[in-house]
Amino acid sequence: MGVTKQEGKKLYTIKRLIDIALALLLAAAAIFAIKFVKKDFKSIEQKKTSDDTVISSNAEGSVPEGQSIYVSEAFDNDKVYQGPLILVNSETEYKWDDEGLKSILEVRDKDGTDCYSVLDNDVKARSAAASALNSMLKAFADETGHDDIRVDSAYRSVSEQQAIYDSAEGASEPGFSDYHTGYSIDLNVVDDEGNSLDFDGTGDYEWFEKNCYKYGFVLRFPEGKDDITGQGYRPWHFRYVGKVHAAYMHEKGLCLEEYVKELKSYPYEGTHLETTDSDGKKYEIYYFAADTATAMTSVAVPAGYEYEISGNNTDGFIITVCLDKPVVQEEETAPTEESSS
């Protein structure tokens, strides 16, 4: 039996109402997804630096200035043990490897720098730390006229630390030394013959404690923090954490243990830490707990800004977003007649 004209109009009206309802539902879902992240991991292009820092190069259209749109990004939980903000001390064991190390001497020579010396070619550090150290030592030489700094130590394997532990009182237990991270640097002062004069951080050499944060370094074992770090004051021992983190730690007078603990009070779901580095660039920093029920964690990361991610070596990730570096999506250009032929 056929459908009358009146019945046809009624069916059309019902269909239109259904279409409108579906459209509203889809719009609501899209708004929810922008904030609370649902995106295939493979659709986000990444660039990994040699020291395991991940920098986003994804863009999701235009992003309002000073605001972040978040998408989900899947990370292997092993990344909790990597990055410049991992905390290694007598209570927290180092659990990663020695990949991504660079000879500090080779970095110096490649740059054509001759204002400091390195004990030997086996003194190595993570790539980011080695490059930042080179910049810091050049600045020190330019500002003070000194060329008597020698880099005596950096990364140590567990076996190397074992030998030191067996012979030196007060050395960290193998596996629990900050030197394993590849982000720690020991400086020394030497005479013209290369004899050690010891680095005590006084006089002209106080420059390092006052200025190292500008290059991403902090004193790993500052004065007056013995009960927190488990180590006495070591004015020669610097730790690379990145410029924005070093600037905040310097301003607030925090050691690494205190800073990593404080960052956990800025979870993704709550208020994020807003701060600037020594160049005045604006950053947003937050903590994201690892999903221990699976081998990977879907981490909320900004879609429209460059970011770096580091583990804390225990239970989560620290995401550092540079709000002054929005990611610009390249416009696709139509193929020319010549290129399409």
# chains A, B, ... in the order shown; residues from 1 in each chain; ligands from 1
call {"tool": "residues_around", "arguments": {"residues": "Gly175 (chain A)", "least_positions_apart": "6", "cutoff": "12 Å", "atoms": "only C-alpha atoms", "output": "list in words"}}
result
Val88, Asn89, Ser90, Glu91, Thr92, Glu93, Tyr94, Lys95, Trp96, Asp97, Arg156, Ser157, Val158, Ser159, Glu160, Gln161, Gln162, Tyr165 and Thr181 of chain A
call {"tool": "write_last_selection", "arguments": {"atoms": "N, CA and C atoms", "output": "PDB file, in the first residue's frame"}}
result
ATOM      1  N   VAL A  88      67.267  10.399  41.077  1.00  0.00           N
ATOM      2  CA  VAL A  88      68.017   9.231  41.540  1.00  0.00           C
ATOM      3  C   VAL A  88      68.731   9.618  42.829  1.00  0.00           C
ATOM      4  N   ASN A  89      68.505   8.852  43.863  1.00  0.00           N
ATOM      5  CA  ASN A  89      69.176   9.090  45.144  1.00  0.00           C
ATOM      6  C   ASN A  89      69.257   7.780  45.916  1.00  0.00           C
ATOM      7  N   SER A  90      69.596   7.837  47.180  1.00  0.00           N
ATOM      8  CA  SER A  90      69.801   6.616  47.969  1.00  0.00           C
ATOM      9  C   SER A  90      68.538   5.783  48.112  1.00  0.00           C
ATOM     10  N   GLU A  91      67.372   6.388  47.844  1.00  0.00           N
ATOM     11  CA  GLU A  91      66.110   5.674  47.967  1.00  0.00           C
ATOM     12  C   GLU A  91      65.497   5.287  46.629  1.00  0.00           C
ATOM     13  N   THR A  92      66.018   5.854  45.546  1.00  0.00           N
ATOM     14  CA  THR A  92      65.423   5.637  44.223  1.00  0.00           C
ATOM     15  C   THR A  92      66.484   5.191  43.235  1.00  0.00           C
ATOM     16  N   GLU A  93      66.365   3.970  42.750  1.00  0.00           N
ATOM     17  CA  GLU A  93      67.376   3.364  41.885  1.00  0.00           C
ATOM     18  C   GLU A  93      67.249   3.851  40.444  1.00  0.00           C
ATOM     19  N   TYR A  94      68.375   3.959  39.785  1.00  0.00           N
ATOM     20  CA  TYR A  94      68.396   4.288  38.355  1.00  0.00           C
ATOM     21  C   TYR A  94      68.055   3.035  37.564  1.00  0.00           C
ATOM     22  N   LYS A  95      67.150   3.145  36.581  1.00  0.00           N
ATOM     23  CA  LYS A  95      66.646   1.952  35.901  1.00  0.00           C
ATOM     24  C   LYS A  95      66.758   2.001  34.383  1.00  0.00           C
ATOM     25  N   TRP A  96      67.496   2.988  33.838  1.00  0.00           N
ATOM     26  CA  TRP A  96      67.573   3.050  32.383  1.00  0.00           C
ATOM     27  C   TRP A  96      68.955   2.625  31.905  1.00  0.00           C
ATOM     28  N   ASP A  97      69.385   3.088  30.739  1.00  0.00           N
ATOM     29  CA  ASP A  97      70.644   2.626  30.148  1.00  0.00           C
ATOM     30  C   ASP A  97      71.520   3.809  29.750  1.00  0.00           C
ATOM     31  N   ARG A 156      78.461   7.903  34.846  1.00  0.00           N
ATOM     32  CA  ARG A 156      79.168   6.739  35.383  1.00  0.00           C
ATOM     33  C   ARG A 156      78.291   5.501  35.265  1.00  0.00           C
ATOM     34  N   SER A 157      78.872   4.418  34.813  1.00  0.00           N
ATOM     35  CA  SER A 157      78.158   3.145  34.795  1.00  0.00           C
ATOM     36  C   SER A 157      78.092   2.599  36.221  1.00  0.00           C
ATOM     37  N   VAL A 158      77.292   1.577  36.414  1.00  0.00           N
ATOM     38  CA  VAL A 158      77.177   0.966  37.739  1.00  0.00           C
ATOM     39  C   VAL A 158      78.516   0.370  38.168  1.00  0.00           C
ATOM     40  N   SER A 159      79.238  -0.234  37.221  1.00  0.00           N
ATOM     41  CA  SER A 159      80.532  -0.836  37.557  1.00  0.00           C
ATOM     42  C   SER A 159      81.555   0.237  37.938  1.00  0.00           C
ATOM     43  N   GLU A 160      81.542   1.372  37.251  1.00  0.00           N
ATOM     44  CA  GLU A 160      82.443   2.474  37.600  1.00  0.00           C
ATOM     45  C   GLU A 160      82.118   3.016  38.988  1.00  0.00           C
ATOM     46  N   GLN A 161      80.822   3.134  39.272  1.00  0.00           N
ATOM     47  CA  GLN A 161      80.419   3.620  40.586  1.00  0.00           C
ATOM     48  C   GLN A 161      80.785   2.611  41.672  1.00  0.00           C
ATOM     49  N   GLN A 162      80.758   1.325  41.336  1.00  0.00           N
ATOM     50  CA  GLN A 162      81.132   0.288  42.308  1.00  0.00           C
ATOM     51  C   GLN A 162      82.588   0.451  42.727  1.00  0.00           C
ATOM     52  N   TYR A 165      82.784   3.426  44.979  1.00  0.00           N
ATOM     53  CA  TYR A 165      82.118   3.101  46.246  1.00  0.00           C
ATOM     54  C   TYR A 165      83.014   2.254  47.147  1.00  0.00           C
ATOM     55  N   THR A 181      72.580   9.038  35.627  1.00  0.00           N
ATOM     56  CA  THR A 181      71.592   9.674  34.760  1.00  0.00           C
ATOM     57  C   THR A 181      72.189  10.227  33.472  1.00  0.00           C
TER      58      THR A 181
END
call {"tool": "select_by_dssp", "arguments": {"residues": "region 206-275 of chain A", "states": "strand (DSSP E)", "output": "MDAnalysis selection string"}}
result
chainID A and resid 217:219 237:240 273:275
call {"tool": "closest_residue", "arguments": {"among": "A:Ile285, A:Ile86, A:Ala295, A:Ala163", "to": "Ser310 (chain A)", "atoms": "only C-alpha atoms"}}
result
A:Ile86
call {"tool": "residues_around", "arguments": {"residues": "Arg108 (chain A)", "least_positions_apart": "5", "cutoff": "10 Å", "atoms": "only C-alpha atoms", "output": "ChimeraX atom specification"}}
result
/A:103,113-118,130-131,133-135,137-138
call {"tool": "atom_distance", "arguments": {"atom1": "CA of Lys79 (chain A)", "atom2": "CA of Asn313 (chain A)"}}
result
8.4 Å
call {"tool": "residues_around", "arguments": {"residues": "Lys243 (chain A)", "least_positions_apart": "3", "cutoff": "6 Å", "atoms": "only C-alpha atoms", "output": "VMD selection string"}}
result
chain A and resid 215 to 216 246 277
call {"tool": "write_last_selection", "arguments": {"atoms": "C-alpha atoms", "output": "PDB file, in the first residue's frame"}}
result
ATOM      1  CA  TYR A 215      71.832  27.214  30.926  1.00  0.00           C
ATOM      2  CA  GLY A 216      69.537  24.592  32.453  1.00  0.00           C
ATOM      3  CA  ALA A 246      66.367  25.356  36.602  1.00  0.00           C
ATOM      4  CA  ASP A 277      62.560  30.660  32.014  1.00  0.00           C
TER       5      ASP A 277
END
call {"tool": "atom_distance", "arguments": {"atom1": "CA of Tyr259 (chain A)", "atom2": "CA of Glu73 (chain A)"}}
result
24.8 Å
call {"tool": "residues_around", "arguments": {"residues": "Thr229 (chain A)", "least_positions_apart": "3", "cutoff": "10 Å", "atoms": "only C-alpha atoms", "output": "VMD selection string"}}
result
chain A and resid 88 to 90 220 to 222 224 to 226 232 to 233 255 to 258
call {"tool": "write_last_selection", "arguments": {"atoms": "N, CA and C atoms", "output": "PDB file, in the first residue's frame"}}
result
ATOM      1  N   VAL A  88      67.267  10.399  41.077  1.00  0.00           N
ATOM      2  CA  VAL A  88      68.017   9.231  41.540  1.00  0.00           C
ATOM      3  C   VAL A  88      68.731   9.618  42.829  1.00  0.00           C
ATOM      4  N   ASN A  89      68.505   8.852  43.863  1.00  0.00           N
ATOM      5  CA  ASN A  89      69.176   9.090  45.144  1.00  0.00           C
ATOM      6  C   ASN A  89      69.257   7.780  45.916  1.00  0.00           C
ATOM      7  N   SER A  90      69.596   7.837  47.180  1.00  0.00           N
ATOM      8  CA  SER A  90      69.801   6.616  47.969  1.00  0.00           C
ATOM      9  C   SER A  90      68.538   5.783  48.112  1.00  0.00           C
ATOM     10  N   ARG A 220      73.245  20.177  42.259  1.00  0.00           N
ATOM     11  CA  ARG A 220      72.491  18.978  42.653  1.00  0.00           C
ATOM     12  C   ARG A 220      72.435  18.823  44.168  1.00  0.00           C
ATOM     13  N   PHE A 221      73.518  19.196  44.865  1.00  0.00           N
ATOM     14  CA  PHE A 221      73.570  19.052  46.311  1.00  0.00           C
ATOM     15  C   PHE A 221      73.907  20.408  46.943  1.00  0.00           C
ATOM     16  N   PRO A 222      72.907  21.286  47.032  1.00  0.00           N
ATOM     17  CA  PRO A 222      73.148  22.633  47.550  1.00  0.00           C
ATOM     18  C   PRO A 222      73.373  22.648  49.056  1.00  0.00           C
ATOM     19  N   GLY A 224      72.874  23.287  52.887  1.00  0.00           N
ATOM     20  CA  GLY A 224      71.715  23.323  53.762  1.00  0.00           C
ATOM     21  C   GLY A 224      70.608  22.355  53.418  1.00  0.00           C
ATOM     22  N   LYS A 225      70.826  21.489  52.422  1.00  0.00           N
ATOM     23  CA  LYS A 225      69.787  20.532  52.016  1.00  0.00           C
ATOM     24  C   LYS A 225      70.217  19.083  52.284  1.00  0.00           C
ATOM     25  N   ASP A 226      71.205  18.902  53.141  1.00  0.00           N
ATOM     26  CA  ASP A 226      71.761  17.576  53.396  1.00  0.00           C
ATOM     27  C   ASP A 226      70.705  16.562  53.820  1.00  0.00           C
ATOM     28  N   GLY A 232      76.114  15.953  51.412  1.00  0.00           N
ATOM     29  CA  GLY A 232      76.568  17.269  51.831  1.00  0.00           C
ATOM     30  C   GLY A 232      76.751  18.203  50.650  1.00  0.00           C
ATOM     31  N   TYR A 233      77.048  19.447  50.948  1.00  0.00           N
ATOM     32  CA  TYR A 233      77.245  20.488  49.930  1.00  0.00           C
ATOM     33  C   TYR A 233      78.376  20.100  48.989  1.00  0.00           C
ATOM     34  N   CYS A 255      65.882  22.110  45.935  1.00  0.00           N
ATOM     35  CA  CYS A 255      66.739  21.040  45.416  1.00  0.00           C
ATOM     36  C   CYS A 255      65.868  20.133  44.558  1.00  0.00           C
ATOM     37  N   LEU A 256      66.467  19.186  43.856  1.00  0.00           N
ATOM     38  CA  LEU A 256      65.713  18.356  42.917  1.00  0.00           C
ATOM     39  C   LEU A 256      64.641  17.530  43.626  1.00  0.00           C
ATOM     40  N   GLU A 257      64.947  16.995  44.801  1.00  0.00           N
ATOM     41  CA  GLU A 257      63.955  16.228  45.549  1.00  0.00           C
ATOM     42  C   GLU A 257      62.710  17.058  45.848  1.00  0.00           C
ATOM     43  N   GLU A 258      62.920  18.301  46.271  1.00  0.00           N
ATOM     44  CA  GLU A 258      61.797  19.182  46.597  1.00  0.00           C
ATOM     45  C   GLU A 258      60.998  19.548  45.351  1.00  0.00           C
TER      46      GLU A 258
END
call {"tool": "atom_distance", "arguments": {"atom1": "CA of Lys281 (chain A)", "atom2": "CA of Val244 (chain A)"}}
result
8.4 Å
call {"tool": "residues_around", "arguments": {"residues": "Lys282 (chain A)", "least_positions_apart": "2", "cutoff": "8 Å", "atoms": "only C-alpha atoms", "output": "compact mmCIF listing (two decimals) with C-alpha atoms, in the first residue's frame"}}
result
# COMPACT_ATOMS: atom_id res chain seq x y z
CA GLU A 274 52.75 28.58 35.08
CA THR A 275 56.24 30.04 35.04
CA THR A 276 58.97 31.52 32.83
CA ASP A 277 62.56 30.66 32.01
CA GLY A 280 61.18 35.29 29.78
CA GLU A 284 52.93 25.47 31.57
CA CYS A 322 56.30 26.22 25.91
CA LEU A 323 53.39 28.65 25.48
CA ASP A 324 55.57 30.93 23.35
call {"tool": "select_by_dssp", "arguments": {"residues": "region 118-325 of chain A", "states": "helix (DSSP H, G or I)", "output": "PyMOL selection string"}}
result
chain A and resi 127-144+158-167+178-181+203-215+226-229+243-252+256-263
call {"tool": "closest_residue", "arguments": {"among": "A:Ala141, A:Val151, A:Ile318, A:Ile185", "to": "Asp120 (chain A)", "atoms": "only C-alpha atoms"}}
result
A:Val151
